[in-house]
Amino acid sequence: MPLNRLFEKAKKLVESHRIESLGRGVYNVIGDHGTYTVVQDYTGKLSCSCPGFMKKARCSHVVAVIILTKIKRKSKSHKTHYKKMV
């Protein structure tokens with residue numbers, strides 16, 4: 001899958017709230033063909049249970065989790081910055 005299509009699919013997963021954090025770096029992602037588990041290991045590396053990741057070591061589910069965690073981290077830092085200002 002071309003990278004731009006991979007990113008667009010991932011963005012769609014995030015925007016449609018199809019990612020559920022189970023805690024401790026584990027996520028359920030509801031894809032077009034099933035629900036897959038994305039796991040972050042102790043080094044920070046992400047893996048997915050979908051067939052695409054098993055074959056190519058990349059998928060839209062992993063990219064979606066990366067996007068979501070960056071959004072949450074950014075949102076959290078803005079809240080912390082605001083609290084310091086008040």
# chains A, B, ... in the order shown; residues from 1 in each chain; ligands from 1
call {"tool": "select_by_dssp", "arguments": {"residues": "segment 4-78 of chain A", "states": "strand (DSSP E or B)", "output": "number ranges by chain"}}
result
A: 19-23, 26-31, 34-40, 46-48
call {"tool": "write_last_selection", "arguments": {"atoms": "N, CA and C atoms", "output": "PDB file, in the first residue's frame"}}
result
ATOM      1  N   ILE A  19     -10.430   3.546  17.590  1.00  0.00           N
ATOM      2  CA  ILE A  19      -9.292   3.070  18.367  1.00  0.00           C
ATOM      3  C   ILE A  19      -9.661   3.117  19.845  1.00  0.00           C
ATOM      4  N   GLU A  20      -9.446   2.012  20.528  1.00  0.00           N
ATOM      5  CA  GLU A  20      -9.745   1.926  21.948  1.00  0.00           C
ATOM      6  C   GLU A  20      -8.463   1.583  22.702  1.00  0.00           C
ATOM      7  N   SER A  21      -8.099   2.453  23.623  1.00  0.00           N
ATOM      8  CA  SER A  21      -6.930   2.190  24.452  1.00  0.00           C
ATOM      9  C   SER A  21      -7.326   1.236  25.566  1.00  0.00           C
ATOM     10  N   LEU A  22      -6.602   0.123  25.673  1.00  0.00           N
ATOM     11  CA  LEU A  22      -6.859  -0.846  26.727  1.00  0.00           C
ATOM     12  C   LEU A  22      -5.897  -0.663  27.896  1.00  0.00           C
ATOM     13  N   GLY A  23      -4.962   0.299  27.752  1.00  0.00           N
ATOM     14  CA  GLY A  23      -3.980   0.564  28.797  1.00  0.00           C
ATOM     15  C   GLY A  23      -2.680  -0.176  28.553  1.00  0.00           C
ATOM     16  N   VAL A  26      -1.555  -1.053  24.888  1.00  0.00           N
ATOM     17  CA  VAL A  26      -2.342  -1.999  24.094  1.00  0.00           C
ATOM     18  C   VAL A  26      -3.596  -1.285  23.587  1.00  0.00           C
ATOM     19  N   TYR A  27      -3.872  -1.454  22.297  1.00  0.00           N
ATOM     20  CA  TYR A  27      -5.007  -0.791  21.657  1.00  0.00           C
ATOM     21  C   TYR A  27      -5.784  -1.786  20.803  1.00  0.00           C
ATOM     22  N   ASN A  28      -7.108  -1.648  20.786  1.00  0.00           N
ATOM     23  CA  ASN A  28      -7.945  -2.345  19.822  1.00  0.00           C
ATOM     24  C   ASN A  28      -8.265  -1.348  18.725  1.00  0.00           C
ATOM     25  N   VAL A  29      -8.084  -1.757  17.479  1.00  0.00           N
ATOM     26  CA  VAL A  29      -8.382  -0.891  16.346  1.00  0.00           C
ATOM     27  C   VAL A  29      -9.389  -1.616  15.466  1.00  0.00           C
ATOM     28  N   ILE A  30     -10.535  -0.976  15.248  1.00  0.00           N
ATOM     29  CA  ILE A  30     -11.570  -1.568  14.414  1.00  0.00           C
ATOM     30  C   ILE A  30     -11.295  -1.160  12.978  1.00  0.00           C
ATOM     31  N   GLY A  31     -10.752  -2.096  12.209  1.00  0.00           N
ATOM     32  CA  GLY A  31     -10.416  -1.856  10.815  1.00  0.00           C
ATOM     33  C   GLY A  31     -11.567  -2.209   9.896  1.00  0.00           C
ATOM     34  N   GLY A  34     -11.938  -6.209  10.240  1.00  0.00           N
ATOM     35  CA  GLY A  34     -11.909  -6.855  11.551  1.00  0.00           C
ATOM     36  C   GLY A  34     -11.309  -5.946  12.608  1.00  0.00           C
ATOM     37  N   THR A  35     -11.291  -6.442  13.830  1.00  0.00           N
ATOM     38  CA  THR A  35     -10.686  -5.709  14.939  1.00  0.00           C
ATOM     39  C   THR A  35      -9.316  -6.304  15.214  1.00  0.00           C
ATOM     40  N   TYR A  36      -8.313  -5.427  15.283  1.00  0.00           N
ATOM     41  CA  TYR A  36      -6.932  -5.867  15.457  1.00  0.00           C
ATOM     42  C   TYR A  36      -6.345  -5.258  16.718  1.00  0.00           C
ATOM     43  N   THR A  37      -5.344  -5.913  17.242  1.00  0.00           N
ATOM     44  CA  THR A  37      -4.672  -5.447  18.450  1.00  0.00           C
ATOM     45  C   THR A  37      -3.312  -4.860  18.084  1.00  0.00           C
ATOM     46  N   VAL A  38      -3.100  -3.630  18.520  1.00  0.00           N
ATOM     47  CA  VAL A  38      -1.804  -2.966  18.346  1.00  0.00           C
ATOM     48  C   VAL A  38      -1.155  -2.902  19.722  1.00  0.00           C
ATOM     49  N   VAL A  39       0.095  -3.353  19.802  1.00  0.00           N
ATOM     50  CA  VAL A  39       0.806  -3.432  21.081  1.00  0.00           C
ATOM     51  C   VAL A  39       2.132  -2.692  20.971  1.00  0.00           C
ATOM     52  N   GLN A  40       2.448  -1.929  22.025  1.00  0.00           N
ATOM     53  CA  GLN A  40       3.737  -1.242  22.110  1.00  0.00           C
ATOM     54  C   GLN A  40       4.610  -2.035  23.079  1.00  0.00           C
ATOM     55  N   LEU A  46       5.904  -0.587  17.932  1.00  0.00           N
ATOM     56  CA  LEU A  46       4.521  -1.020  17.798  1.00  0.00           C
ATOM     57  C   LEU A  46       4.409  -2.192  16.840  1.00  0.00           C
ATOM     58  N   SER A  47       3.475  -3.093  17.139  1.00  0.00           N
ATOM     59  CA  SER A  47       3.176  -4.198  16.224  1.00  0.00           C
ATOM     60  C   SER A  47       1.664  -4.376  16.196  1.00  0.00           C
ATOM     61  N   CYS A  48       1.171  -5.039  15.140  1.00  0.00           N
ATOM     62  CA  CYS A  48      -0.257  -5.219  14.957  1.00  0.00           C
ATOM     63  C   CYS A  48      -0.549  -6.671  14.599  1.00  0.00           C
TER      64      CYS A  48
END
call {"tool": "residues_around", "arguments": {"residues": "segment 66-69 of chain A", "least_positions_apart": "3", "cutoff": "8 Å", "atoms": "only C-alpha atoms", "output": "PyMOL selection string"}}
result
chain A and resi 10-11+14+62-63+72-73
call {"tool": "write_last_selection", "arguments": {"atoms": "N, CA and C atoms", "output": "PDB file, in the first residue's frame"}}
result
ATOM      1  N   ALA A  10      -5.300   5.618   8.086  1.00  0.00           N
ATOM      2  CA  ALA A  10      -5.024   5.797   9.515  1.00  0.00           C
ATOM      3  C   ALA A  10      -5.753   7.027  10.053  1.00  0.00           C
ATOM      4  N   LYS A  11      -5.698   8.097   9.303  1.00  0.00           N
ATOM      5  CA  LYS A  11      -6.368   9.345   9.697  1.00  0.00           C
ATOM      6  C   LYS A  11      -7.880   9.115   9.829  1.00  0.00           C
ATOM      7  N   VAL A  14      -8.684   7.323  13.082  1.00  0.00           N
ATOM      8  CA  VAL A  14      -8.624   8.236  14.233  1.00  0.00           C
ATOM      9  C   VAL A  14      -9.863   9.123  14.262  1.00  0.00           C
ATOM     10  N   VAL A  62      -1.341   0.638  12.996  1.00  0.00           N
ATOM     11  CA  VAL A  62      -0.192   1.139  13.762  1.00  0.00           C
ATOM     12  C   VAL A  62      -0.044   2.643  13.562  1.00  0.00           C
ATOM     13  N   VAL A  63      -0.179   3.097  12.317  1.00  0.00           N
ATOM     14  CA  VAL A  63      -0.061   4.532  12.029  1.00  0.00           C
ATOM     15  C   VAL A  63      -1.170   5.301  12.757  1.00  0.00           C
ATOM     16  N   LYS A  72      -2.948  13.049  21.642  1.00  0.00           N
ATOM     17  CA  LYS A  72      -3.184  13.049  23.089  1.00  0.00           C
ATOM     18  C   LYS A  72      -2.033  13.696  23.845  1.00  0.00           C
ATOM     19  N   ARG A  73      -0.796  13.394  23.419  1.00  0.00           N
ATOM     20  CA  ARG A  73       0.382  13.978  24.065  1.00  0.00           C
ATOM     21  C   ARG A  73       0.380  15.494  23.890  1.00  0.00           C
TER      22      ARG A  73
END
call {"tool": "closest_residue", "arguments": {"among": "A:Gly44, A:Lys9, A:Ser75, A:Ser16", "to": "His61 of chain A", "atoms": "only C-alpha atoms"}}
result
A:Lys9
call {"tool": "atom_distance", "arguments": {"atom1": "atom CA of Arg18 of chain A", "atom2": "atom CA of Val65 of chain A"}}
result
10.1 Å
call {"tool": "select_by_dssp", "arguments": {"residues": "chain A", "states": "alpha helix (DSSP H)", "output": "PyMOL selection string"}}
result
chain A and resi 3-15+51-56+60-85
call {"tool": "write_last_selection", "arguments": {"atoms": "C-alpha atoms", "output": "CSV table (one decimal), in the first residue's frame"}}
result
chain,number,residue,atom,x,y,z
A,3,LEU,CA,2.3,5.5,2.1
A,4,ASN,CA,-0.1,8.3,1.3
A,5,ARG,CA,-3.0,5.8,1.2
A,6,LEU,CA,-1.8,4.2,4.5
A,7,PHE,CA,-1.8,7.6,6.2
A,8,GLU,CA,-5.2,8.5,4.8
A,9,LYS,CA,-6.7,5.2,6.1
A,10,ALA,CA,-5.0,5.8,9.5
A,11,LYS,CA,-6.4,9.3,9.7
A,12,LYS,CA,-9.9,8.0,8.9
A,13,LEU,CA,-9.6,5.5,11.8
A,14,VAL,CA,-8.6,8.2,14.2
A,15,GLU,CA,-11.3,10.6,13.1
A,51,PRO,CA,-2.3,-9.8,8.1
A,52,GLY,CA,-0.9,-6.6,6.5
A,53,PHE,CA,1.5,-6.0,9.3
A,54,MET,CA,2.5,-9.7,9.5
A,55,LYS,CA,3.5,-9.5,5.8
A,56,LYS,CA,4.9,-6.0,5.5
A,60,SER,CA,-2.8,1.7,8.9
A,61,HIS,CA,-3.7,0.5,12.4
A,62,VAL,CA,-0.2,1.1,13.8
A,63,VAL,CA,-0.1,4.5,12.0
A,64,ALA,CA,-3.5,5.4,13.5
A,65,VAL,CA,-2.2,4.6,17.0
A,66,ILE,CA,0.9,6.8,16.4
A,67,ILE,CA,-1.4,9.7,15.3
A,68,LEU,CA,-3.7,9.3,18.2
A,69,THR,CA,-0.9,9.1,20.8
A,70,LYS,CA,0.7,12.2,19.3
A,71,ILE,CA,-2.6,14.1,19.5
A,72,LYS,CA,-3.2,13.0,23.1
A,73,ARG,CA,0.4,14.0,24.1
A,74,LYS,CA,0.0,17.4,22.4
A,75,SER,CA,-3.3,18.0,24.1
A,76,LYS,CA,-1.9,17.0,27.5
A,77,SER,CA,1.1,19.4,27.1
A,78,HIS,CA,-1.3,22.2,26.2
A,79,LYS,CA,-3.3,21.6,29.4
A,80,THR,CA,-0.2,21.4,31.5
A,81,HIS,CA,1.1,24.7,29.9
A,82,TYR,CA,-2.3,26.4,30.7
A,83,LYS,CA,-2.2,25.2,34.3
A,84,LYS,CA,1.2,26.7,34.8
A,85,MET,CA,0.0,30.0,33.4
